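Accompanying notes for the structure given below.
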Amino acid sequence: MHLSWRAESAAAELEQLLAPLRRRLWWQRGAQLVLRTLCFALTALLVLAALAVGGLAPAPGAGLLLAVLATLPVALAVALLRPPSLLATARCIDRYARLDERVGTAVELVCARASHPAARAQLADATARLRQLRPAEAVPLEGVRNDLLLAGGLALISAGMVLLAGLADGVPGGLIPVRRLLDTAVALVNPPREEPRAPAPGRSQLDTRLAPLLQQLEALRTNAAGLSPEELAAQRAAAAQQLAELASASRAQQEALAELARALQGTAAGREVAEYLLQGEYARAGEALTTLGRENDQLSLAGRRQLAEALRQAQSAVQPLSPALAQHIQRASAALSGRDYQRTARALGELGEAVAQAGRGVIAQSDLGALGEALSAQGEDIDAALAALGMLGTSGAGGTDRGAQGALGSGPPGTAPGAAPDAQTARLGVPGVPLPLESLPSLDGPPSSAPPDPDRPSVLAPLSLGTTTSGGAAQGGEPIYASGETAPVPAERREVVRGYFGTGGGR
Amino acid sequence: MSRPLGLAEAPALAAALEATLCQLLVGQQAVVRGVLVALLAGGHALLEGPPGVGKTMLVRALARALALRFCRIVFTPDLMPADILGTHVLVDGHGFRFVPGPVFANLVLADDINRAPPRTQAALLEAMQERTVTVAGTPQPLPAPFFVLATASAAEGEGLYPLPEAQLDRFLLELRLRLPPEAALRVVAARAGEDATTVPQVLDRTGLLTLQQYVASLPVASYVRDYAVRLILATRPDQPGAPALVQRYVRYGASPRALQALEAAARAHALLEGRFNVAFSDVRRVAPAVLRHRLRLNVEADVQGLDVDGVVAAVLAAVPEEPPRRGLPVLTRPVRRWLRRSV
């Protein structure tokens with residue numbers, strides 16, 4: 001009885017001594033499991049980022065970062081659900097403190113309720129050793145510290161590699177997922193307020209390229225009495241033709257720039273340039289291209305390759321619209337395909353200059369519209385001028401027609417960007433060259449067909465030279481349909497056109 | 001020595017006994033430890049080594065330190081079983097009387113045991129195993145404690161009868177003596193004139209028996225026992241987890257008796273280390289002496305000149321203290337298989 005009591009008290013003391021060490025071991029194992037899981041996840045991230053740097057895989061996104069972070073609570077939960085047993089604790093202490101299996105054997109004896117002399121001696125020996133042991137000796141945390149260092153190092157390397165992988169999308173590209181996460185969080189907490197849009201800066205002056213034409217029309221109007229009707233009609237027709245050529249050239253440049261914007265929109269490095277182009281800020285787009293060229297040594301191989309491919313595609317689309325610009329694009333694409341940074345910088349700089357120059361060739365829609373008004377005020381030859389201008393395919397009046405948005409009607413600076421021309425507009429022929437209207441599908445219908453359904457989008461957009469689209473035509477006014485130049489224009493249609501341009505109520 | 005020996009004093013007494021013997025037998029600490037392990041575990045030891053390294057002196061000193069009766073038998077080819085066991089002699093007027101042989105001692109030194117014919121060897125080995133001698137149908141119990149320290153001649157030649165494996169298995173340990181190093185030789189030279197018989201008594205016969213009982217009762221943790229089992233299994237060439245060296249050079253591995261011997265020797269070693277429990281280190285330390293005479297190598301090993309100690313070392317290196325985790329072998333098996341093929 002006495003021996004049994006002594007054995008029980010020794011066993012109780014042993015368990016009491018082991019309890020804090022067991023908690024410490026639990027914490028140590030949990031921390032190690034979490035840190036090792038983190039190391040594993042970071043290693044995977046590092047490998048993916050390295051593959052992305054090598055151009056073999058896309059850059060790691062926010063989902064992957066979230067998955068890496070999600071492993072931590074899982075590991076923590078697993079660690080919390082698996083506390084070490086008393087025997088496991090004892091064996092760990094034996095191992096760490098080099099106690100030669102004293103504590104482990106004692107725990108087994110306690111579990112087996114052994115009470116023979118050797119067991120008692122063993123229990124007493126183990127308890128005495130445990131009493132002298134400091135917790136740091138029994139369950140050291142060096143392993144946790146080492147794992148922490150390893151995880152920290154891996155995290156730094158992984159972050160660096162992710163940033164390096166993001167260089168393919170520009171310098172801050174590696175932070176794009178983080179930035180998006182932060183933006184989303186900020187938007188959830190503090191939703192942005194709708195700010196009234198600032199009105200577009202007024203244009204008090206007409207484009208200098210259109211001013212002589214306008215002056216010519218003014219002179220025609222004031223000197224109309226001194227001219228014969230034939231001379232008057234001939235001069236009006238010449239003015240209308242000149243206006244159509246200017247509009248056509250402007251549209252070609254604008255389409256070329258839109259093609260370039262569309263190609264660059266798919267690349268992260270060229271996205272900023274594309275946005276400037278779509279907003280009509282061609283000078284800033286040129287500057288952005290020059291800057292991109294200056295910093296092209298920071299682009300990754302994948303980024304260069306992506307940009308070069310985008311430019312190559314743009315070149316083939318721009319070639320028929322603006323051969324000069326296409327040549328610059330081709331040079332930039334070739335330079336980006338190589339590894340010569342200076343050549344790339346030079347080529348992109350020249351491309352920026354070419355873009356700015358092409359942008360200067362674009363005439364604002366409002367100016368074209370003003371000139372169109374002046375021309376229509378001259379009377380008789382308005383239909384011929386409109387027919388000549390019909391191939392502009394503008395979007396102002398029929399803003400809902402996608403086919404018309406990509407051409408001249410991409411919108412003036414400050415308005416919403418338009419889309420690139422689609423197949424329908426491409427069918428209209430080579431921009432810049434006036435098309436005979438006979439070659440166009442007449443929306444008046446094949447021979448004596450019914451008038452077109454106004455609700456149905458037309459192949460040819462309703463013509464509008466103006467861009468101030470608050471008028472009736474844009475809001476459901478009668479659309480104007482182009483017809484063959486040689487076909488007689490019905491009198492009622494003339495009235496409609498005059499009413500549209502002449503009375504001022506149309507727009 | 002009248003006071004009963006407590007378990008708490010046992011490690012100190014064992015250490016004192018070891019220190020006494022080591023003081024006398026310079027440079028042979030491992031052999032002294034081995035002899036004491038065999039003695040405390042209640043087994044017998046086989047000594048291999050060159051002559052003149054102190055085998056007889058060791059046994060004689062041990063007998064003096066323990067106040068036990070010592071006897072030495074030099075085995076020769078013409079030695080008969082009766083010469084060591086004893087025989088019945090006719091006494092005038094009293095009929096036959098049993099005259100015990102030299103085996104009736106507490107400590108027996110059997111010199112050159114492999115020079116006696118198998119019949120004589122068998123008689124001694126039976127006495128070692130049964131601790132009883134049967135002469136003319138009458139069993140004669142041997143005195144307790146009974147400890148045989150046999151030496152075997154390592155030289156090969158005519159007139160040698162190698163011990164068969166079954167009889168070798170009866171020795172708990174096989175100890176190998178090496179020639180002492182230079183420092184030990186200087187000490188031996190300095191002590192040349194001293195009387196080697198003046199060994200203090202450390203323990204008596206009753207105390208030794210108590211120590212043997214304590215050793216037998218020392219606890220062995222389940223995971224340490226599991227380690228010993230895995231060690232024994234690893235010596236078998238037909239086991240899948242056996243080291244490549246075992247699979248190639250071992251004809252047959254250790255027997256279940258080897259496992260018992262390993263555990264008993266580890267217990268004694270633990271007490272000599274001052275512990276009341278068996279540790280992994282105890283098993284590892286005694287494993288070579290326990291296993292080296294129980295493993296039989298094949299002809300290829302002989303041709304290669306491979307020593308059994310190398311195989312035991314490979315086994316110890318291959319078997320981890322912690323059993324492999326459940327999921328790990330599945331993952332590492334192909335790698336290990338490939339490595340085995342490559343090696």
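In the structure tokens, the first chain shown is A, the next is B, and so on; residue numbers restart at 1 for each chain, and ligands run from 1 in the order shown.
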Show me a table, sorted first by chain and then by increasing residue number, of the residues of chain A having an atom at most 12 Å from chain B, each with its shortest atom pair and the distance in Å to one decimal, counting only C-alpha atoms and written as a Markdown table.
```
| residue | atom | partner | partner_atom | distance |
| --- | --- | --- | --- | --- |
| A:Leu87 | CA | B:Tyr223 | CA | 10.6 |
| A:Ala88 | CA | B:Tyr223 | CA | 11.2 |
| A:Ala90 | CA | B:Ala221 | CA | 11.8 |
| A:Arg91 | CA | B:Tyr223 | CA | 9.8 |
| A:Cys92 | CA | B:Glu322 | CA | 11.6 |
| A:Asp94 | CA | B:Ala279 | CA | 10.0 |
| A:Arg95 | CA | B:Phe280 | CA | 10.8 |
| A:Arg98 | CA | B:Ala279 | CA | 10.4 |
| A:Leu99 | CA | B:Ala279 | CA | 8.9 |
| A:Asp100 | CA | B:Ala279 | CA | 5.2 |
| A:Glu101 | CA | B:Ala279 | CA | 5.4 |
| A:Arg102 | CA | B:Asn277 | CA | 6.4 |
| A:Val103 | CA | B:Asn277 | CA | 9.5 |
| A:Gly104 | CA | B:Ala221 | CA | 7.2 |
| A:Thr105 | CA | B:Ala221 | CA | 4.9 |
| A:Ala106 | CA | B:Ala221 | CA | 8.4 |
| A:Val107 | CA | B:Ala221 | CA | 9.2 |
| A:Glu108 | CA | B:Ala221 | CA | 6.7 |
| A:Leu109 | CA | B:Pro219 | CA | 8.0 |
| A:Val110 | CA | B:Ala221 | CA | 11.5 |
| A:Cys111 | CA | B:Ala221 | CA | 11.5 |
| A:Ala112 | CA | B:Ala221 | CA | 10.9 |
| A:Ala114 | CA | B:Pro219 | CA | 9.6 |
| A:Ser115 | CA | B:Pro219 | CA | 11.1 |
| A:His116 | CA | B:Ser217 | CA | 8.4 |
| A:Pro117 | CA | B:Leu7 | CA | 7.4 |
| A:Ala118 | CA | B:Leu218 | CA | 5.6 |
| A:Ala119 | CA | B:Pro219 | CA | 6.7 |
| A:Arg120 | CA | B:Phe276 | CA | 9.4 |
| A:Ala121 | CA | B:Phe276 | CA | 6.8 |
| A:Gln122 | CA | B:Phe276 | CA | 5.2 |
| A:Leu123 | CA | B:Phe276 | CA | 9.0 |
| A:Ala124 | CA | B:Phe276 | CA | 9.9 |
| A:Asp125 | CA | B:Phe276 | CA | 7.9 |
| A:Ala126 | CA | B:Phe276 | CA | 9.4 |
| A:Arg129 | CA | B:Arg275 | CA | 11.6 |
```
Note to self: For the alpha helix (DSSP H) assignment from backbone DSSP, which residues of segment 25-94 of chain A qualify? Please present them as an MDAnalysis selection string.
What the structure shows: chainID A and resid 25:53 62:81 86:94
Next item on the list: Quick one: pick out all strand (DSSP E or B) residues within segment 81-188 of chain B from a backbone DSSP run and write them as a count of residues only.
Entry: 35
Notebook entry, point to check: Which one is closest to Ala75 of chain A: A:Leu220, A:Val162, A:Val53, A:Ala41? Count only C-alpha atoms.
Noted result: A:Ala41
Margin query: Quick one: residues within 6 Å of segment 93-110 of chain B, only C-alpha atoms, excluding same-chain residues fewer than 6 positions away - as an NGL selection string?
Written below: :B and (68-74 or 84-87 or 142 or 145-150)
Could those residues be written to a file, using C-alpha atoms, as a short mmCIF file (atom, residue, chain, number, x, y, z; two decimals), in the first residue's frame?
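Below you can see part39.cif, which holds the result:
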```cif
data_model
loop_
_atom_site.label_atom_id
_atom_site.label_comp_id
_atom_site.auth_asym_id
_atom_site.auth_seq_id
_atom_site.Cartn_x
_atom_site.Cartn_y
_atom_site.Cartn_z
CA LEU B 68 34.33 -16.11 -6.03
CA ARG B 69 35.88 -19.46 -6.70
CA PHE B 70 37.95 -19.40 -9.84
CA CYS B 71 39.08 -22.29 -11.99
CA ARG B 72 41.03 -22.48 -15.21
CA ILE B 73 40.76 -25.26 -17.75
CA VAL B 74 43.21 -25.48 -20.62
CA ILE B 84 36.08 -31.04 -16.71
CA LEU B 85 32.80 -32.30 -15.33
CA GLY B 86 34.08 -34.70 -12.70
CA THR B 87 33.64 -38.40 -12.23
CA LEU B 142 26.60 -26.01 -10.65
CA PRO B 145 26.84 -17.59 -9.97
CA PHE B 146 28.36 -19.54 -12.80
CA PHE B 147 30.31 -17.61 -15.39
CA VAL B 148 32.45 -19.08 -18.15
CA LEU B 149 34.99 -17.02 -19.95
CA ALA B 150 36.25 -19.01 -22.90
#
```
Check: By how many Å are atom CA of Ala289 of chain B and atom CA of Ala97 of chain A apart?
Finding: 28.2 Å
